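Asks: Next comes entry.txt, compact mmCIF, C-alpha atoms:
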# COMPACT_ATOMS: atom_id res chain seq x y z
CA MET I 40 0.00 0.00 0.00
CA MET I 41 1.13 3.51 -0.77
CA LEU I 42 1.72 6.09 1.97
CA ASN I 43 2.38 9.80 1.73
CA VAL I 44 5.29 10.47 4.10
CA LEU I 45 6.14 14.02 5.20
CA TYR I 46 9.15 15.40 7.07
CA PHE I 47 9.34 18.69 8.96
CA ALA I 48 11.86 21.08 10.48
CA SER I 49 15.27 19.61 11.36
CA LEU I 50 14.31 16.16 10.03
CA ARG I 51 13.37 17.61 6.64
CA GLU I 52 16.79 19.29 6.50
CA THR I 53 18.64 16.20 7.73
CA PHE I 54 16.98 13.98 5.11
CA GLY I 55 17.03 16.62 2.38
CA ILE I 56 13.45 15.84 1.41
CA ALA I 57 10.04 17.26 2.44
CA SER I 58 7.78 14.43 1.28
CA GLU I 59 7.76 11.17 -0.64
CA HIS I 60 5.55 8.20 -1.49
CA ILE I 61 6.53 4.93 0.14
CA ALA I 62 5.01 1.51 -0.58
CA LEU I 63 4.70 -0.91 2.34
CA PRO I 64 3.17 -4.38 2.45
CA ALA I 65 -0.20 -4.24 4.29
CA PRO I 66 -0.99 -4.49 7.12
CA ALA I 67 1.65 -2.16 8.52
CA THR I 68 2.19 0.00 11.57
CA VAL I 69 4.20 3.17 12.11
CA ALA I 70 6.93 0.93 13.53
CA ALA I 71 7.18 -0.96 10.21
CA LEU I 72 7.59 2.30 8.33
CA ILE I 73 10.34 3.42 10.70
CA VAL I 74 12.18 0.11 10.12
CA VAL I 75 12.08 0.72 6.36
CA LEU I 76 13.32 4.30 6.75
CA ARG I 77 16.14 3.37 9.15
CA ALA I 78 17.28 0.63 6.74
CA ARG I 79 18.32 3.43 4.37
CA GLY I 80 21.28 3.93 6.70
CA ASP I 81 23.34 7.05 7.37
CA SER I 82 21.30 10.00 8.62
CA TRP I 83 18.07 7.97 8.39
CA PHE I 84 19.41 5.30 10.70
CA ASP I 85 20.79 7.86 13.16
CA ALA I 86 17.99 10.44 13.22
CA LEU I 87 15.19 7.88 13.71
CA GLY I 88 17.01 5.87 16.37
CA PRO I 89 15.27 4.99 19.63
CA ASP I 90 17.69 7.30 21.47
CA LYS I 91 16.50 10.29 19.42
CA ARG I 92 13.43 12.40 20.10
CA TRP I 93 10.95 12.51 17.23
CA ARG I 94 7.19 12.33 16.82
CA VAL I 95 4.80 10.82 14.29
CA ALA I 96 1.37 12.05 13.19
CA VAL I 97 -0.95 9.95 11.02
CA ASN I 98 -3.56 11.92 9.07
CA GLU I 99 -2.77 15.01 11.17
CA GLU I 100 -3.32 13.27 14.53
CA MET I 101 -0.49 12.37 16.91
CA ALA I 102 0.31 8.65 16.57
CA VAL I 103 2.39 5.99 18.30
CA MET I 104 4.59 3.15 17.01
CA ASP I 105 1.64 0.72 17.17
CA THR I 106 -0.67 2.94 15.11
CA VAL I 107 -1.95 0.90 12.14
CA LEU I 108 -1.54 2.51 8.72
CA GLN I 109 -4.11 2.45 5.91
CA VAL I 110 -3.70 2.96 2.17
CA GLY I 111 -3.12 6.63 1.37
CA ASP I 112 -2.41 7.71 4.94
CA ALA I 113 -0.39 10.89 5.45
CA VAL I 114 2.40 10.01 7.87
CA ALA I 115 4.34 13.01 9.20
CA ILE I 116 7.61 12.58 11.05
CA PHE I 117 9.01 15.55 12.94
CA PRO I 118 11.04 16.65 15.96
CA PRO I 119 9.29 17.56 19.24
CA VAL I 120 7.36 20.78 18.64
CA THR I 121 8.70 24.15 19.78
CA GLY I 122 5.96 26.68 19.07
CA GLY I 123 4.42 29.23 21.37
CA MET B 268 -17.20 30.40 18.51
CA PRO B 269 -13.47 30.39 19.24
CA THR B 270 -11.23 32.25 16.79
CA ILE B 271 -8.17 30.26 15.71
CA ARG B 272 -5.73 31.70 13.19
CA VAL B 273 -2.24 30.98 11.89
CA GLN B 274 -0.82 33.98 10.07
CA THR B 275 2.35 35.79 9.07
CA GLU B 276 0.98 39.25 9.99
CA ASP B 277 1.18 40.79 13.44
CA PHE B 278 -1.93 41.02 15.62
CA ASP B 279 -3.46 43.90 17.62
CA LEU B 280 -4.18 43.00 21.25
CA GLY B 281 -6.89 45.61 21.73
CA ALA B 282 -8.69 44.72 18.52
CA GLU B 283 -8.61 41.01 19.34
CA VAL B 284 -9.95 41.53 22.88
CA ASP B 285 -12.68 43.83 21.56
CA ALA B 286 -13.72 41.28 18.93
CA LEU B 287 -13.79 38.48 21.50
CA ARG B 288 -15.98 40.28 24.04
CA ALA B 289 -18.17 42.35 21.68
CA GLY B 290 -21.59 42.81 23.22
CA ASN B 291 -21.40 39.78 25.50
CA ALA B 292 -22.59 40.79 28.98
CA LYS B 293 -22.01 37.27 30.37
CA ILE B 294 -18.23 37.76 30.24
CA GLY B 295 -16.93 38.70 33.68
CA GLY B 296 -13.21 38.40 33.04
CA ILE B 297 -10.64 37.97 30.30
CA ALA B 298 -7.17 36.44 30.68
CA LEU B 299 -4.61 36.71 27.94
CA PHE B 300 -1.10 35.50 27.19
CA VAL B 301 1.22 37.01 24.59
CA GLY B 302 4.40 35.19 23.60
CA LEU B 303 7.28 37.37 22.37
CA VAL B 304 10.58 36.81 20.56
CA ARG B 305 13.51 37.28 22.95
CA ASP B 306 16.90 38.52 21.78
CA ILE B 307 18.74 35.81 23.68
CA ASN B 308 18.22 32.05 24.03
CA ASP B 309 20.58 29.48 25.55
CA GLY B 310 23.35 32.04 25.81
CA ALA B 311 23.39 33.16 22.18
CA GLY B 312 22.03 36.40 20.72
CA VAL B 313 19.09 35.84 18.40
CA SER B 314 18.81 38.06 15.32
CA THR B 315 15.81 36.39 13.67
CA LEU B 316 13.42 33.58 14.46
CA THR B 317 11.69 31.56 11.75
CA LEU B 318 8.52 29.66 12.57
CA GLU B 319 7.66 26.63 10.47
CA HIS B 320 4.44 24.63 10.84
CA TYR B 321 2.54 21.69 9.41
CA PRO B 322 -0.40 23.51 7.84
CA ALA B 323 -2.71 20.49 7.42
CA MET B 324 -2.37 19.62 11.09
CA THR B 325 -1.97 22.98 12.86
CA GLN B 326 -5.58 24.14 12.74
CA LYS B 327 -6.85 20.71 13.83
CA ALA B 328 -4.40 20.59 16.76
CA LEU B 329 -5.31 24.10 17.95
CA VAL B 330 -9.07 23.44 17.68
CA ASP B 331 -8.59 20.25 19.69
CA ILE B 332 -6.67 22.09 22.46
CA VAL B 333 -9.30 24.84 22.70
CA ASP B 334 -12.09 22.21 22.75
CA GLN B 335 -10.38 20.50 25.69
CA ALA B 336 -10.17 23.82 27.56
CA CYS B 337 -13.87 24.50 26.86
CA ALA B 338 -14.78 21.05 28.20
CA ARG B 339 -12.81 21.62 31.41
CA TRP B 340 -13.53 25.23 32.33
CA ASP B 341 -16.28 27.79 31.93
CA VAL B 342 -15.02 29.33 28.68
CA ILE B 343 -17.41 31.74 27.01
CA ASN B 344 -15.11 32.49 24.12
CA ALA B 345 -11.45 32.10 23.18
CA THR B 346 -8.95 33.35 20.61
CA VAL B 347 -5.68 31.69 19.61
CA ILE B 348 -3.43 33.36 17.05
CA HIS B 349 0.00 31.97 16.15
CA ARG B 350 2.37 33.65 13.74
CA VAL B 351 4.62 31.83 11.27
CA GLY B 352 7.44 32.95 9.01
CA GLN B 353 10.33 35.21 9.93
CA LEU B 354 10.13 37.22 13.18
CA MET B 355 12.50 39.60 14.97
CA PRO B 356 13.27 40.09 18.68
CA THR B 357 10.40 41.94 20.44
CA ASP B 358 7.88 40.67 17.84
CA GLN B 359 4.69 39.04 19.06
CA ILE B 360 4.56 35.29 18.27
CA VAL B 361 1.44 33.91 19.87
CA LEU B 362 -1.75 35.17 21.49
CA VAL B 363 -4.18 33.28 23.70
CA ILE B 364 -7.27 35.07 25.03
CA VAL B 365 -9.92 33.41 27.17
CA ALA B 366 -13.17 35.06 28.21
CA SER B 367 -15.11 33.56 31.08
CA GLY B 368 -17.72 34.40 33.68
CA HIS B 369 -15.02 34.55 36.35
CA ARG B 370 -11.26 35.09 36.54
CA GLY B 371 -10.34 31.65 37.91
CA ASP B 372 -11.58 29.80 34.84
CA ALA B 373 -10.15 32.44 32.51
CA PHE B 374 -6.65 32.22 34.04
CA GLN B 375 -6.57 28.44 34.17
CA ALA B 376 -7.97 27.85 30.67
CA CYS B 377 -5.53 30.41 29.24
CA GLU B 378 -2.52 28.75 30.88
CA PHE B 379 -3.73 25.29 29.84
CA ILE B 380 -4.07 26.36 26.19
CA ILE B 381 -0.56 27.85 25.96
CA ASP B 382 0.99 24.88 27.82
CA PHE B 383 -0.68 22.39 25.50
CA LEU B 384 0.07 24.46 22.41
CA LYS B 385 3.78 24.39 23.28
CA THR B 386 3.89 20.59 23.39
CA ARG B 387 1.17 19.52 20.94
CA ALA B 388 0.74 22.02 18.11
CA PRO B 389 3.07 21.36 15.16
CA PHE B 390 5.22 24.51 15.12
CA TRP B 391 9.02 24.58 15.06
CA LYS B 392 11.36 27.51 15.73
CA LYS B 393 14.65 28.07 13.98
CA GLU B 394 16.94 30.75 15.38
CA SER B 395 19.53 32.73 13.54
CA THR B 396 22.32 33.68 15.97
CA GLN B 397 25.88 34.99 15.64
CA LYS B 398 26.93 31.31 15.74
CA GLY B 399 24.73 30.46 12.76
CA GLU B 400 21.29 28.92 12.36
CA ARG B 401 19.93 26.33 14.76
CA TRP B 402 16.63 24.60 15.43
CA VAL B 403 15.30 25.30 18.90
CA GLU B 404 15.29 22.16 21.06
CA ALA B 405 12.12 21.17 22.90
CA ARG B 406 12.37 21.89 26.62
CA ALA B 407 11.72 19.33 29.33
CA SER B 408 10.12 22.16 31.38
CA ASP B 409 7.46 22.56 28.65
CA ASP B 410 6.62 18.84 28.83
CA ALA B 411 6.38 19.15 32.60
CA ALA B 412 4.09 22.20 32.34
CA SER B 413 1.83 20.31 29.97
CA SER B 414 1.68 17.02 31.87
CA ARG B 415 0.91 18.90 35.10
CA TRP B 416 -2.61 19.54 33.69
CA GLN B 417 -3.17 15.83 33.10
CA ALA B 418 -2.15 15.03 36.68
CA LEU B 419 -4.51 17.77 37.87
CA HIS B 420 -7.30 16.40 35.70
CA LYS B 421 -6.87 12.92 37.15
CA SER B 422 -7.00 14.26 40.71
CA GLU B 423 -10.15 16.26 39.84
CA GLU B 424 -11.84 13.12 38.52
CA SER B 425 -10.99 10.92 41.48
Let me see the file written as structure tokens.
Replies:
Amino acid sequence: MMLNVLYFASLRETFGIASEHIALPAPATVAALIVVLRARGDSWFDALGPDKRWRVAVNEEMAVMDTVLQVGDAVAIFPPVTGG
Amino acid sequence: MPTIRVQTEDFDLGAEVDALRAGNAKIGGIALFVGLVRDINDGAGVSTLTLEHYPAMTQKALVDIVDQACARWDVINATVIHRVGQLMPTDQIVLVIVASGHRGDAFQACEFIIDFLKTRAPFWKKESTQKGERWVEARASDDAASSRWQALHKSEES
């Protein structure tokens, strides 16, 4: 299934990309997507490590690693927010 | 109806308060918070601050935070305005106004909204300092300020 994956702020700059389409075998969770991204190595492996602080939103709602993904979901990955 | 806006332009405190309370004789008190750009952060001088956000999610997140405040306190009306784009020291960044029947609810709902906004709304700050550009790191004290409300909520329920 195809997902629309978005990156923001420091992660967008680290990866050098703002968004991309990624195909994953269904069913899949956020955790499965992170495994695929980390397998790219280098900055992907480092920035999305369990020792790093980052957040995931699925369809504009905050999500967790167990969140199940559906075809066409917008999955946003970003650092902890710093507004206000 | 709460007013929730994300914009590049500045906002006028007086005009926003007037709009919020216009003709409503049930409002007994208004609390407001204004966030400003400081010229120093973590020991480095800040020349500009750039606010990025996730447009598709921002409005939803802010509406959700204001809804939670309305469910918890007597909120007659509320306004949340957050600026994005490039800002300078002394510029206004964010405005939260809460109108209520009484000051206690107005103060608490206002503080709740800004605390939750700082940890849940998808905005990110990038500072330009004499040492170069850097993304502002999230603060543990902001997480603590936000989770304090959940602890309070649990103790209210029990």
Asks: May I ask you to extract the residues of chain I within 10 Å of chain B, using only C-alpha atoms, and to give them as a PDB file with C-alpha atoms, in the frame of the given file?
Replies:
ATOM      1  CA  LEU I  45       6.140  14.020   5.200  1.00  0.00           C
ATOM      2  CA  TYR I  46       9.150  15.400   7.070  1.00  0.00           C
ATOM      3  CA  PHE I  47       9.340  18.690   8.960  1.00  0.00           C
ATOM      4  CA  ALA I  48      11.860  21.080  10.480  1.00  0.00           C
ATOM      5  CA  SER I  49      15.270  19.610  11.360  1.00  0.00           C
ATOM      6  CA  ARG I  92      13.430  12.400  20.100  1.00  0.00           C
ATOM      7  CA  ALA I  96       1.370  12.050  13.190  1.00  0.00           C
ATOM      8  CA  VAL I  97      -0.950   9.950  11.020  1.00  0.00           C
ATOM      9  CA  ASN I  98      -3.560  11.920   9.070  1.00  0.00           C
ATOM     10  CA  GLU I  99      -2.770  15.010  11.170  1.00  0.00           C
ATOM     11  CA  GLU I 100      -3.320  13.270  14.530  1.00  0.00           C
ATOM     12  CA  MET I 101      -0.490  12.370  16.910  1.00  0.00           C
ATOM     13  CA  ALA I 115       4.340  13.010   9.200  1.00  0.00           C
ATOM     14  CA  PHE I 117       9.010  15.550  12.940  1.00  0.00           C
ATOM     15  CA  PRO I 118      11.040  16.650  15.960  1.00  0.00           C
ATOM     16  CA  PRO I 119       9.290  17.560  19.240  1.00  0.00           C
ATOM     17  CA  VAL I 120       7.360  20.780  18.640  1.00  0.00           C
ATOM     18  CA  THR I 121       8.700  24.150  19.780  1.00  0.00           C
ATOM     19  CA  GLY I 122       5.960  26.680  19.070  1.00  0.00           C
ATOM     20  CA  GLY I 123       4.420  29.230  21.370  1.00  0.00           C
TER      21      GLY I 123
END
Asks: Hey, what's within 8 Å of Val333 of chain B if we count all atoms listed in the file and toss same-chain stuff fewer than 3 positions away? As a VMD selection string, please?
Replies: chain B and resid 269 329 to 330 336 to 337 345 380
Asks: Store the residues of this selection in a file with C-alpha atoms, as a PDB file, in the coordinates of the input.
Replies:
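For reference, part-v2.pdb as written:
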ATOM      1  CA  PRO B 269     -13.470  30.390  19.240  1.00  0.00           C
ATOM      2  CA  LEU B 329      -5.310  24.100  17.950  1.00  0.00           C
ATOM      3  CA  VAL B 330      -9.070  23.440  17.680  1.00  0.00           C
ATOM      4  CA  ALA B 336     -10.170  23.820  27.560  1.00  0.00           C
ATOM      5  CA  CYS B 337     -13.870  24.500  26.860  1.00  0.00           C
ATOM      6  CA  ALA B 345     -11.450  32.100  23.180  1.00  0.00           C
ATOM      7  CA  ILE B 380      -4.070  26.360  26.190  1.00  0.00           C
TER       8      ILE B 380
END
Asks: Find the residues with any atom within 12 Å of (-0.4, 46.4, 19.8); use all atoms listed in the file and the coordinates as given in the file, and write the answer as a VMD selection string.
Replies: chain B and resid 277 to 284 301 357 to 359 362
Asks: Could you give me, as a ChimeraX atom specification, the residues that have an atom at most 12 Å away from the point (7.5, 15.3, 3.1) in the coordinates of the file, using all atoms listed in the file?
Replies: /I:42-48,50-52,54-61,113-117 /B:321
Asks: Would you mind exporting C-alpha atoms of the selected residues as a PDB file, in the coordinates of the input?
Replies:
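out_27.pdb written:
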ATOM      1  CA  LEU I  42       1.720   6.090   1.970  1.00  0.00           C
ATOM      2  CA  ASN I  43       2.380   9.800   1.730  1.00  0.00           C
ATOM      3  CA  VAL I  44       5.290  10.470   4.100  1.00  0.00           C
ATOM      4  CA  LEU I  45       6.140  14.020   5.200  1.00  0.00           C
ATOM      5  CA  TYR I  46       9.150  15.400   7.070  1.00  0.00           C
ATOM      6  CA  PHE I  47       9.340  18.690   8.960  1.00  0.00           C
ATOM      7  CA  ALA I  48      11.860  21.080  10.480  1.00  0.00           C
ATOM      8  CA  LEU I  50      14.310  16.160  10.030  1.00  0.00           C
ATOM      9  CA  ARG I  51      13.370  17.610   6.640  1.00  0.00           C
ATOM     10  CA  GLU I  52      16.790  19.290   6.500  1.00  0.00           C
ATOM     11  CA  PHE I  54      16.980  13.980   5.110  1.00  0.00           C
ATOM     12  CA  GLY I  55      17.030  16.620   2.380  1.00  0.00           C
ATOM     13  CA  ILE I  56      13.450  15.840   1.410  1.00  0.00           C
ATOM     14  CA  ALA I  57      10.040  17.260   2.440  1.00  0.00           C
ATOM     15  CA  SER I  58       7.780  14.430   1.280  1.00  0.00           C
ATOM     16  CA  GLU I  59       7.760  11.170  -0.640  1.00  0.00           C
ATOM     17  CA  HIS I  60       5.550   8.200  -1.490  1.00  0.00           C
ATOM     18  CA  ILE I  61       6.530   4.930   0.140  1.00  0.00           C
ATOM     19  CA  ALA I 113      -0.390  10.890   5.450  1.00  0.00           C
ATOM     20  CA  VAL I 114       2.400  10.010   7.870  1.00  0.00           C
ATOM     21  CA  ALA I 115       4.340  13.010   9.200  1.00  0.00           C
ATOM     22  CA  ILE I 116       7.610  12.580  11.050  1.00  0.00           C
ATOM     23  CA  PHE I 117       9.010  15.550  12.940  1.00  0.00           C
TER      24      PHE I 117
ATOM     25  CA  TYR B 321       2.540  21.690   9.410  1.00  0.00           C
TER      26      TYR B 321
END
Asks: What is the atom CA of Ile307 of chain B-atom CA of Ser408 of chain B distance in Å, reported with one decimal?
Replies: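 Those two atoms sit 17.9 Å apart.
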Asks: Atom CA of Leu63 of chain I and atom CA of Asp81 of chain I, how far apart in Å?
Replies: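 For atom CA of Asp81 of chain I relative to atom CA of Leu63 of chain I, the distance reads 20.9 Å.
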Asks: Tell me, as a count of residues only, which residues lie within 10 Å of Asp306 of chain B, counting all atoms listed in the file; anything in the same chain fewer than 5 positions away does not count.
Replies: 10
Asks: Can you measure atom CA of Gly368 of chain B to atom CA of Val347 of chain B for me? One decimal in Å is fine.
Replies: 18.7 Å
Asks: Of the candidates B:Gly399, B:Gly352, B:Gly371, B:Gly295, which one gets nearest to Thr275 of chain B if we count only C-alpha atoms?
Replies: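 Once distances to Thr275 of chain B are computed over only C-alpha atoms, the minimum belongs to B:Gly352.
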Asks: Mind filling out segment 274-290 of chain B with N, CA, C and O atoms and sending it as a tab-separated table (two decimals), in the frame of the given file?
Replies:
chain	number	residue	atom	x	y	z
B	274	GLN	N	-1.03	32.90	11.04
B	274	GLN	CA	-0.82	33.98	10.07
B	274	GLN	C	0.60	34.51	10.14
B	274	GLN	O	1.29	34.35	11.14
B	275	THR	N	1.03	35.16	9.06
B	275	THR	CA	2.35	35.79	9.07
B	275	THR	C	2.27	37.20	9.67
B	275	THR	O	3.23	37.66	10.28
B	276	GLU	N	1.12	37.88	9.51
B	276	GLU	CA	0.98	39.25	9.99
B	276	GLU	C	0.95	39.33	11.51
B	276	GLU	O	0.58	38.39	12.18
B	277	ASP	N	1.27	40.50	12.02
B	277	ASP	CA	1.18	40.79	13.44
B	277	ASP	C	-0.31	40.86	13.83
B	277	ASP	O	-1.19	40.88	12.96
B	278	PHE	N	-0.56	40.89	15.14
B	278	PHE	CA	-1.93	41.02	15.62
B	278	PHE	C	-2.02	42.18	16.60
B	278	PHE	O	-1.01	42.57	17.20
B	279	ASP	N	-3.22	42.74	16.75
B	279	ASP	CA	-3.46	43.90	17.62
B	279	ASP	C	-4.23	43.43	18.84
B	279	ASP	O	-5.36	42.98	18.74
B	280	LEU	N	-3.57	43.52	20.02
B	280	LEU	CA	-4.18	43.00	21.25
B	280	LEU	C	-5.55	43.60	21.51
B	280	LEU	O	-6.51	42.89	21.80
B	281	GLY	N	-5.63	44.93	21.43
B	281	GLY	CA	-6.89	45.61	21.73
B	281	GLY	C	-8.00	45.17	20.79
B	281	GLY	O	-9.12	44.87	21.24
B	282	ALA	N	-7.67	45.10	19.51
B	282	ALA	CA	-8.69	44.72	18.52
B	282	ALA	C	-9.16	43.29	18.76
B	282	ALA	O	-10.35	42.99	18.63
B	283	GLU	N	-8.23	42.42	19.13
B	283	GLU	CA	-8.61	41.01	19.34
B	283	GLU	C	-9.47	40.86	20.60
B	283	GLU	O	-10.42	40.09	20.61
B	284	VAL	N	-9.14	41.59	21.65
B	284	VAL	CA	-9.95	41.53	22.88
B	284	VAL	C	-11.34	42.10	22.60
B	284	VAL	O	-12.36	41.51	22.98
B	285	ASP	N	-11.39	43.22	21.90
B	285	ASP	CA	-12.68	43.83	21.56
B	285	ASP	C	-13.55	42.86	20.77
B	285	ASP	O	-14.75	42.72	21.04
B	286	ALA	N	-12.95	42.20	19.78
B	286	ALA	CA	-13.72	41.28	18.93
B	286	ALA	C	-14.24	40.11	19.76
B	286	ALA	O	-15.37	39.65	19.57
B	287	LEU	N	-13.42	39.65	20.70
B	287	LEU	CA	-13.79	38.48	21.50
B	287	LEU	C	-14.98	38.78	22.43
B	287	LEU	O	-15.85	37.95	22.63
B	288	ARG	N	-14.98	39.99	23.00
B	288	ARG	CA	-15.98	40.28	24.04
B	288	ARG	C	-17.19	41.06	23.53
B	288	ARG	O	-18.15	41.27	24.29
B	289	ALA	N	-17.15	41.45	22.25
B	289	ALA	CA	-18.17	42.35	21.68
B	289	ALA	C	-19.59	42.01	22.12
B	289	ALA	O	-20.13	40.97	21.75
B	290	GLY	N	-20.17	42.90	22.88
B	290	GLY	CA	-21.59	42.81	23.22
B	290	GLY	C	-21.99	41.64	24.10
B	290	GLY	O	-23.18	41.37	24.25
